[in-house]
Amino acid sequence: MIKIFNPIVFLIIGAFCLPALAQQNAAIADKNAIQLFFEKTYLQTDRAYYSSGENVWFSAFLVNGKSASLTSTSRTLYVELINPNSKIIDNQVIRLEGGLGKGDFKLNDTLQAGWYHIRAYTNWMRNFGDEFVFQKKIYITNAPKTVLKRTESQVKAKKTISFFPEGGNLVEGLTSIVAFKTNDEFGNGLASNASLISSKGDTVTSFQSTDFGMGIFSFTPLANEKYSVVGNFGAEKFRTDLPLALKKGLVMHLTSDSSAIKVSINTNELAFQELKGKPISIVIKHAGDNVYTGSLSLTKPDLSFRVSTKNLPAGLSILTLFDDLGRPNCERLFFVQSSDGVNFTVNSDKKSYAAREKVTLSIKSTDYKGSPAKASLSLAVVDGLITNDPTTMVGYLTLQSELKGEIKNAEHYFDLQNSARFKQLDLLLLTQGWREYLWRRLADSTIKIVYMPEPGITIKGSVKEKVGNKPLPNMNITLFSSGFIGDKIYATKTDASGKYFIDGLNWYGNEAIKISSRDGYGKKGGWLQIDTSFKPMPIHLKVPNAFSISPSLEAEMTKRSAYNKSYKKGDSILLEEVTITGAAKRVELFDQSLMTFGYKDQVFNITSADYSYKGLEHWLLTKIQGAFPLDDGDSTGNEGIAFLSSGKKVRPALIINNKQDIQNRLDYYSLTMDQINQVVVKHLVTAGPSAPADAYVIYLNLKETALLGQNLNLLNLNLKGYYSARSFYSPNYTSISPPIKDLRTTIFWAPLLKTNDNGELSVSFFNGDNTGEMTIKTNGITSNGVAVVAKSTYKVQ
């Protein structure tokens, strides 16, 4: 079956079905002409602390940014592992089905110790900068321990204290609640105590922060008075100025209970005389949408009103007061607790087990009425020795994705055992959420849609004249691969700019793909090209808000890691690390860095004596030391040559007239030698965190006429598709108990689980040899879009 695509630009709206073709580079300038939708993604990892050489397992959830329901608006998720120096060291392209996906990273043995980040986003999210990009920090240790140096920004960072008057501003003569937040050099909350001092030196009030570095105090600024704050960050003293109070204005104070929010408004005399008898508009927004509007007349300096929360959506909302001229005077974030709570639990069949004993977990999900609630979830069972992973889906979707800055221990605000959680959450919103609301920033900015949602993998490129570089429109493009899932052949035409675009493709791993170009008469023609690989988003990482790593934990993990590395499957033992010394030079390619290693270049200036060879491939196999023919079963085809690296045949990179061939064109090997001026073959080694491996680069200096060959309308490529996630190894100790110690830190990992129609699920696995407390943690989302999390423990004795 051949799929024919027309070059039409589609825009996905809401959760409608995805288009077969989208013009990704077409910019939609007027955002008011389209209805935007938003996506959020959350990744659960098995844990947040690893040793080099281990695996990072993750599951992915893609939801509608406003409703939190699983969505299929995008089916491609880009997941990256970023080192402390903000370099991407690994990446996976994950296929999402119904908003769900899974993957993993294999950590190289040579990774340096430090804080790493996992970043995930869809192509559509790129339209909004970093606003919807998921980021999570993990710590990786190594032995012997090597730590990356601090960045310049880390060295220059200082302890800070910031003040946030409720509603927006201090006003002379009016009592206000003032929230404050302190941070250390790494963004962690910092315990402090301080006093408010008038310009005359009088102490107006004193206050202190919580352990999270937040707190509040109340005071009334006097007219024409300035105030300073003097205090201590532990043993370190500080002094700073308080923001100046306005001469006239309004202040707002908001409280809430289970049924309503209560708001009081106060005006000083100057503001009251200006606004007396005029309307004050009340607007409440949730995820950028108006969910409540009202008004009141300012008949006296002090007024109050109530708004029932019965019809307000659960989660974060923002209340703004506007004067009669439409100017915002006060603004306040608040949180509405959900009345449709889900009872989500995970329990083991016993509280205590022996080593290598079977464990059965029971998961149950019911709504607030006690009826079954179907849920999609992922589950990890981890040795309790590991520092708790503070991130959860509930905390991320509800708070972290809505507020700027990192929220430490977000799950703390949703812990039913925490009786002070509502007050603590309100304090968080008074500080970290103060006038930083995501949806307002989006509404106030001009959004230029450049990146389209992806229903699958996208291949795009162009067709030009062989001479003159003129684009060729209306060329028939045919794409084929036997490895595609579903249709094997796709077809489209180039547009007026000579560009083509085919999306919705689905394949896993590396596949041989053939693309051809013909004109309207079916005649081969044009110079067919494919665009460069997907370019990742710019990296903007913050200094990690780090959880503490105990020396005993590092020592135990180092011991386990060393043992596990010695007993790999198949009795294979890791090679000793190879250290490169000397005046090595780097060769930077598109997808990797290589280094010289003292090997002598093979340099050949082509003369008429070389013209008798059948072509470049024949010449290379005859002349170049170490060159081998490719195997007949090579997935890309048998065109070209290979060299040996670690006992395996690898293709060399090609540099054509000082430009790397990133399209993997095999037709260069068919060039006749009279089209070539010079051939240089370099034997190099890979550079990076992994152990060095042999690599080869062939430099071809071609004559201008070489590009006028008959095969430029054909491309034979070997392209990377979706990542095929590995399966977590879970041993069965029912009958066989091997003598090798089982020191797994992640005892069990299940990335894609679903409860049955009764909201129930049962899973089983076997313990390892480690004793102590084991932690069970599961994150999920119900069919109604309610994020859930459950955690429990059991012991191994």
# chains A, B, ... in the order shown; residues from 1 in each chain; ligands from 1

$ residues_around --residues "segment 183-196 of chain A" --least-positions-apart "5" --cutoff "8 Å" --atoms "only C-alpha atoms" --output "ChimeraX atom specification"
/A:154,157-161,203-214,227-234,408,543-546

$ residues_around --residues "Phe484 of chain A" --least-positions-apart "2" --cutoff "8 Å" --atoms "only C-alpha atoms" --output "list in words"
Ser481, Ser482, Gly486, Asp487, Lys488, Leu505, Asn506 and Trp507 of chain A

$ atom_distance --atom1 "atom CA of Leu403 of chain A" --atom2 "atom CA of Ala179 of chain A"
16.3 Å

$ closest_residue --among "A:Thr778, A:Ser317, A:Asn711, A:Thr240" --to "Lys66 of chain A" --atoms "only C-alpha atoms"
A:Ser317

$ select_by_dssp --residues "segment 285-430 of chain A" --states "alpha helix (DSSP H)" --output "list of chain:residue names"
A:Met393, A:Val394, A:Gly395, A:Arg421, A:Phe422, A:Lys423, A:Gln424, A:Leu425, A:Asp426, A:Leu427, A:Leu428, A:Leu429, A:Leu430

$ residues_around --residues "Asn409 of chain A" --least-positions-apart "3" --cutoff "9 Å" --atoms "only C-alpha atoms" --output "short mmCIF file (atom, residue, chain, number, x, y, z; two decimals) with N, CA and C atoms, in the first residue's frame"
data_model
loop_
_atom_site.label_atom_id
_atom_site.label_comp_id
_atom_site.auth_asym_id
_atom_site.auth_seq_id
_atom_site.Cartn_x
_atom_site.Cartn_y
_atom_site.Cartn_z
N ASP A 389 13.46 9.63 46.64
CA ASP A 389 13.23 10.47 45.46
C ASP A 389 12.08 11.43 45.78
N PRO A 390 12.33 12.74 45.86
CA PRO A 390 11.29 13.66 46.31
C PRO A 390 10.25 14.00 45.26
N THR A 391 10.42 13.57 44.01
CA THR A 391 9.47 13.95 42.96
C THR A 391 8.35 12.93 42.84
N GLY A 395 2.86 15.98 42.71
CA GLY A 395 3.58 17.22 42.99
C GLY A 395 4.01 17.95 41.73
N HIS A 412 5.44 16.72 50.08
CA HIS A 412 5.17 17.12 51.46
C HIS A 412 3.84 17.87 51.57
N TYR A 413 3.49 18.60 50.50
CA TYR A 413 2.27 19.41 50.53
C TYR A 413 1.01 18.58 50.27
#

$ residues_around --residues "Tyr508 of chain A" --least-positions-apart "2" --cutoff "9 Å" --atoms "only C-alpha atoms" --output "list in words"
Arg95, Gly483, Phe484, Ile485, Asn506, Asn510, Glu511, Lys720, Gly721, Tyr722, Tyr723 and Ser724 of chain A

$ atom_distance --atom1 "atom CA of Leu170 of chain A" --atom2 "atom CA of Asn268 of chain A"
11.1 Å

$ residues_around --residues "Leu644 of chain A" --least-positions-apart "3" --cutoff "8 Å" --atoms "only C-alpha atoms" --output "VMD selection string"
chain A and resid 626 647 to 650 694

$ residues_around --residues "Val171 of chain A" --least-positions-apart "3" --cutoff "9 Å" --atoms "only C-alpha atoms" --output "ChimeraX atom specification"
/A:174-176,220-223,244-251,267-268

$ write_last_selection --atoms "C-alpha atoms" --output "PDB file, in the first residue's frame"
ATOM      1  CA  LEU A 174      -2.330  49.577  55.623  1.00  0.00           C
ATOM      2  CA  THR A 175      -1.469  46.345  57.402  1.00  0.00           C
ATOM      3  CA  SER A 176      -0.076  43.700  55.089  1.00  0.00           C
ATOM      4  CA  THR A 220       1.895  48.455  58.876  1.00  0.00           C
ATOM      5  CA  PRO A 221       4.330  50.709  56.982  1.00  0.00           C
ATOM      6  CA  LEU A 222       4.161  54.348  58.046  1.00  0.00           C
ATOM      7  CA  ALA A 223       4.130  57.267  55.633  1.00  0.00           C
ATOM      8  CA  LEU A 244       9.200  50.766  49.568  1.00  0.00           C
ATOM      9  CA  ALA A 245       5.485  51.145  50.302  1.00  0.00           C
ATOM     10  CA  LEU A 246       3.152  52.842  47.787  1.00  0.00           C
ATOM     11  CA  LYS A 247       1.692  56.238  48.690  1.00  0.00           C
ATOM     12  CA  LYS A 248      -1.782  55.044  47.722  1.00  0.00           C
ATOM     13  CA  GLY A 249      -3.251  51.701  46.828  1.00  0.00           C
ATOM     14  CA  LEU A 250      -5.076  48.540  47.850  1.00  0.00           C
ATOM     15  CA  VAL A 251      -3.997  45.540  49.849  1.00  0.00           C
ATOM     16  CA  THR A 267      -7.624  50.973  50.829  1.00  0.00           C
ATOM     17  CA  ASN A 268      -5.796  53.891  52.367  1.00  0.00           C
TER      18      ASN A 268
END

$ closest_residue --among "A:Tyr451, A:Pro243, A:Arg119, A:Lys364" --to "Val178 of chain A" --atoms "only C-alpha atoms"
A:Pro243

$ residues_around --residues "Val789 of chain A" --least-positions-apart "4" --cutoff "12 Å" --atoms "only C-alpha atoms" --output "compact mmCIF listing (two decimals) with N, CA, C and O atoms, in the first residue's frame"
# COMPACT_ATOMS: atom_id res chain seq x y z
N GLN A 44 8.70 9.10 35.59
CA GLN A 44 9.09 8.45 36.84
C GLN A 44 10.32 7.61 36.57
O GLN A 44 10.35 6.79 35.66
N GLY A 341 -11.27 13.10 45.03
CA GLY A 341 -10.05 12.43 45.39
C GLY A 341 -10.09 10.95 45.06
O GLY A 341 -11.16 10.32 45.04
N VAL A 342 -8.92 10.38 44.80
CA VAL A 342 -8.79 8.95 44.50
C VAL A 342 -8.03 8.28 45.63
O VAL A 342 -6.98 8.78 46.06
N ASN A 343 -8.57 7.20 46.12
CA ASN A 343 -7.88 6.40 47.13
C ASN A 343 -7.01 5.38 46.40
O ASN A 343 -7.51 4.41 45.83
N PHE A 344 -5.71 5.61 46.41
CA PHE A 344 -4.76 4.82 45.63
C PHE A 344 -3.75 4.21 46.59
O PHE A 344 -3.03 4.93 47.29
N THR A 345 -3.69 2.89 46.66
CA THR A 345 -2.83 2.21 47.62
C THR A 345 -2.02 1.10 46.98
O THR A 345 -2.42 0.51 45.98
N VAL A 346 -0.86 0.83 47.56
CA VAL A 346 -0.03 -0.31 47.17
C VAL A 346 0.45 -0.99 48.45
O VAL A 346 1.00 -0.33 49.33
N ILE A 363 -2.31 -3.58 44.27
CA ILE A 363 -2.58 -2.16 44.01
C ILE A 363 -4.08 -1.98 43.83
O ILE A 363 -4.73 -2.77 43.12
N LYS A 364 -4.62 -0.96 44.48
CA LYS A 364 -6.06 -0.72 44.38
C LYS A 364 -6.32 0.77 44.21
O LYS A 364 -5.69 1.60 44.86
N SER A 365 -7.28 1.09 43.32
CA SER A 365 -7.61 2.48 43.01
C SER A 365 -9.12 2.65 43.00
O SER A 365 -9.83 2.00 42.22
N ALA A 375 -6.56 3.00 36.33
CA ALA A 375 -5.37 3.85 36.33
C ALA A 375 -4.25 3.21 35.54
O ALA A 375 -4.11 1.99 35.48
N SER A 376 -3.45 4.06 34.89
CA SER A 376 -2.19 3.65 34.25
C SER A 376 -1.06 4.09 35.16
O SER A 376 -1.06 5.22 35.66
N LEU A 377 -0.10 3.20 35.39
CA LEU A 377 0.90 3.51 36.41
C LEU A 377 2.24 2.84 36.13
O LEU A 377 2.35 1.97 35.27
N SER A 378 3.25 3.29 36.85
CA SER A 378 4.56 2.64 36.86
C SER A 378 4.96 2.43 38.30
O SER A 378 4.55 3.18 39.19
N LEU A 379 5.79 1.40 38.53
CA LEU A 379 6.08 0.98 39.89
C LEU A 379 7.54 0.61 40.04
O LEU A 379 8.12 -0.05 39.18
N ALA A 380 8.14 1.07 41.15
CA ALA A 380 9.52 0.74 41.46
C ALA A 380 9.61 0.25 42.90
O ALA A 380 8.96 0.79 43.80
N PRO A 390 12.33 12.74 45.86
CA PRO A 390 11.29 13.66 46.31
C PRO A 390 10.25 14.00 45.26
O PRO A 390 9.26 14.67 45.56
N THR A 391 10.42 13.57 44.01
CA THR A 391 9.47 13.95 42.96
C THR A 391 8.35 12.93 42.84
O THR A 391 8.56 11.73 42.99
N THR A 392 7.13 13.42 42.60
CA THR A 392 5.98 12.57 42.32
C THR A 392 5.17 13.21 41.20
O THR A 392 5.30 14.41 40.93
N MET A 393 4.33 12.40 40.56
CA MET A 393 3.49 12.94 39.50
C MET A 393 2.52 13.98 40.05
O MET A 393 2.27 15.01 39.41
N VAL A 394 1.96 13.72 41.22
CA VAL A 394 1.01 14.68 41.82
C VAL A 394 1.69 16.01 42.05
O VAL A 394 1.18 17.07 41.67
N GLY A 395 2.86 15.98 42.71
CA GLY A 395 3.58 17.22 42.99
C GLY A 395 4.01 17.95 41.73
O GLY A 395 3.95 19.18 41.66
N TYR A 396 4.44 17.19 40.71
CA TYR A 396 4.91 17.84 39.49
C TYR A 396 3.77 18.48 38.71
O TYR A 396 3.83 19.66 38.36
N LEU A 397 2.72 17.69 38.40
CA LEU A 397 1.63 18.23 37.58
C LEU A 397 0.87 19.34 38.30
O LEU A 397 0.40 20.29 37.66
N GLU A 411 5.96 16.55 47.41
CA GLU A 411 5.00 15.59 47.95
C GLU A 411 4.61 15.92 49.39
O GLU A 411 3.58 15.48 49.87
N PHE A 414 1.17 17.31 49.91
CA PHE A 414 0.02 16.45 49.62
C PHE A 414 -0.01 15.21 50.52
O PHE A 414 -0.81 14.32 50.31
N ASP A 415 0.86 15.20 51.52
CA ASP A 415 0.92 14.07 52.45
C ASP A 415 -0.22 14.20 53.46
O ASP A 415 -0.27 15.14 54.25
N LEU A 416 -1.14 13.24 53.42
CA LEU A 416 -2.30 13.29 54.31
C LEU A 416 -1.89 13.22 55.77
O LEU A 416 -2.67 13.61 56.65
N ILE A 776 8.45 0.82 48.24
CA ILE A 776 7.61 0.64 47.05
C ILE A 776 7.04 2.02 46.70
O ILE A 776 6.42 2.67 47.54
N LYS A 777 7.23 2.44 45.47
CA LYS A 777 6.70 3.73 45.05
C LYS A 777 6.07 3.60 43.68
O LYS A 777 6.68 3.06 42.75
N THR A 778 4.85 4.10 43.55
CA THR A 778 4.16 4.04 42.27
C THR A 778 3.51 5.37 41.97
O THR A 778 2.96 6.04 42.85
N ASN A 779 3.61 5.80 40.71
CA ASN A 779 2.96 7.01 40.20
C ASN A 779 2.02 6.59 39.09
O ASN A 779 2.32 5.68 38.32
N GLY A 780 0.89 7.27 38.99
CA GLY A 780 -0.05 6.92 37.93
C GLY A 780 -1.04 8.03 37.67
O GLY A 780 -0.99 9.11 38.28
N ILE A 781 -1.93 7.76 36.74
CA ILE A 781 -2.96 8.72 36.40
C ILE A 781 -4.22 7.94 36.03
O ILE A 781 -4.16 6.93 35.33
N THR A 782 -5.36 8.39 36.54
CA THR A 782 -6.61 7.67 36.29
C THR A 782 -7.17 8.04 34.93
O THR A 782 -6.74 9.01 34.30

$ decode --residues "segment 697-787 of chain A" --atoms "C-alpha atoms" --output "JSON list (two decimals), in the first residue's frame"
[["chain", "number", "residue", "atom", "x", "y", "z"],
["A", 697, "VAL", "CA", 37.23, 8.93, 8.90],
["A", 698, "ILE", "CA", 37.69, 9.08, 5.12],
["A", 699, "TYR", "CA", 38.31, 12.52, 3.61],
["A", 700, "LEU", "CA", 37.41, 12.78, -0.08],
["A", 701, "ASN", "CA", 38.45, 15.73, -2.21],
["A", 702, "LEU", "CA", 36.16, 15.53, -5.26],
["A", 703, "LYS", "CA", 36.14, 17.30, -8.58],
["A", 704, "GLU", "CA", 33.18, 19.59, -9.29],
["A", 705, "THR", "CA", 31.92, 17.18, -11.93],
["A", 706, "ALA", "CA", 31.65, 14.39, -9.33],
["A", 707, "LEU", "CA", 28.31, 15.75, -8.10],
["A", 708, "LEU", "CA", 26.82, 15.47, -11.57],
["A", 709, "GLY", "CA", 26.48, 11.69, -11.33],
["A", 710, "GLN", "CA", 23.34, 9.78, -12.20],
["A", 711, "ASN", "CA", 22.47, 8.62, -8.67],
["A", 712, "LEU", "CA", 21.98, 11.89, -6.74],
["A", 713, "ASN", "CA", 18.23, 11.32, -6.94],
["A", 714, "LEU", "CA", 18.62, 8.26, -4.67],
["A", 715, "LEU", "CA", 19.37, 8.04, -0.96],
["A", 716, "ASN", "CA", 20.19, 4.80, 0.85],
["A", 717, "LEU", "CA", 20.20, 5.65, 4.53],
["A", 718, "ASN", "CA", 20.47, 3.90, 7.85],
["A", 719, "LEU", "CA", 18.29, 5.98, 10.21],
["A", 720, "LYS", "CA", 17.63, 5.67, 13.91],
["A", 721, "GLY", "CA", 13.98, 5.25, 14.88],
["A", 722, "TYR", "CA", 12.28, 4.90, 18.24],
["A", 723, "TYR", "CA", 14.25, 3.44, 21.10],
["A", 724, "SER", "CA", 13.42, -0.16, 21.99],
["A", 725, "ALA", "CA", 13.38, -0.12, 25.78],
["A", 726, "ARG", "CA", 15.17, -2.98, 27.46],
["A", 727, "SER", "CA", 13.39, -5.34, 29.82],
["A", 728, "PHE", "CA", 14.17, -5.13, 33.51],
["A", 729, "TYR", "CA", 15.84, -8.33, 34.68],
["A", 730, "SER", "CA", 13.84, -9.91, 37.50],
["A", 731, "PRO", "CA", 15.23, -13.32, 38.64],
["A", 732, "ASN", "CA", 13.04, -16.26, 39.57],
["A", 733, "TYR", "CA", 14.34, -18.03, 42.67],
["A", 734, "THR", "CA", 11.61, -20.67, 42.81],
["A", 735, "SER", "CA", 13.86, -23.52, 41.73],
["A", 736, "ILE", "CA", 17.28, -22.11, 40.95],
["A", 737, "SER", "CA", 19.36, -20.09, 43.39],
["A", 738, "PRO", "CA", 22.73, -19.21, 41.83],
["A", 739, "PRO", "CA", 25.67, -18.68, 44.22],
["A", 740, "ILE", "CA", 26.47, -15.20, 42.89],
["A", 741, "LYS", "CA", 25.25, -12.52, 45.27],
["A", 742, "ASP", "CA", 22.16, -10.59, 44.20],
["A", 743, "LEU", "CA", 22.99, -7.01, 45.22],
["A", 744, "ARG", "CA", 20.42, -5.24, 43.07],
["A", 745, "THR", "CA", 19.47, -1.81, 44.40],
["A", 746, "THR", "CA", 16.34, -1.60, 42.26],
["A", 747, "ILE", "CA", 14.56, -4.82, 43.23],
["A", 748, "PHE", "CA", 11.70, -4.49, 40.75],
["A", 749, "TRP", "CA", 10.67, -2.12, 37.97],
["A", 750, "ALA", "CA", 7.44, -2.16, 35.95],
["A", 751, "PRO", "CA", 6.98, 0.89, 33.66],
["A", 752, "LEU", "CA", 3.59, 0.24, 31.98],
["A", 753, "LEU", "CA", 0.94, -1.21, 34.26],
["A", 754, "LYS", "CA", -2.84, -0.83, 34.24],
["A", 755, "THR", "CA", -5.44, -1.72, 36.82],
["A", 756, "ASN", "CA", -8.36, -3.89, 35.72],
["A", 757, "ASP", "CA", -12.03, -2.87, 35.58],
["A", 758, "ASN", "CA", -12.19, -3.28, 39.35],
["A", 759, "GLY", "CA", -9.34, -0.81, 39.82],
["A", 760, "GLU", "CA", -7.04, -3.61, 41.00],
["A", 761, "LEU", "CA", -3.67, -5.03, 40.00],
["A", 762, "SER", "CA", -1.32, -7.66, 41.41],
["A", 763, "VAL", "CA", 2.41, -8.07, 40.63],
["A", 764, "SER", "CA", 5.05, -10.45, 41.98],
["A", 765, "PHE", "CA", 8.84, -10.55, 42.09],
["A", 766, "PHE", "CA", 11.72, -11.93, 44.17],
["A", 767, "ASN", "CA", 13.91, -10.09, 46.67],
["A", 768, "GLY", "CA", 17.67, -9.96, 46.30],
["A", 769, "ASP", "CA", 20.27, -10.56, 49.02],
["A", 770, "ASN", "CA", 20.25, -7.08, 50.52],
["A", 771, "THR", "CA", 18.50, -6.83, 53.88],
["A", 772, "GLY", "CA", 16.71, -3.91, 55.52],
["A", 773, "GLU", "CA", 13.74, -1.82, 54.49],
["A", 774, "MET", "CA", 12.54, -1.78, 50.88],
["A", 775, "THR", "CA", 10.51, 1.12, 49.48],
["A", 776, "ILE", "CA", 7.61, 0.64, 47.05],
["A", 777, "LYS", "CA", 6.70, 3.73, 45.05],
["A", 778, "THR", "CA", 4.16, 4.04, 42.27],
["A", 779, "ASN", "CA", 2.96, 7.01, 40.20],
["A", 780, "GLY", "CA", -0.05, 6.92, 37.93],
["A", 781, "ILE", "CA", -2.96, 8.72, 36.40],
["A", 782, "THR", "CA", -6.61, 7.67, 36.29],
["A", 783, "SER", "CA", -8.82, 7.55, 33.22],
["A", 784, "ASN", "CA", -10.44, 10.77, 34.54],
["A", 785, "GLY", "CA", -7.13, 12.64, 34.60],
["A", 786, "VAL", "CA", -6.40, 12.48, 38.34],
["A", 787, "ALA", "CA", -2.70, 12.05, 39.17]]
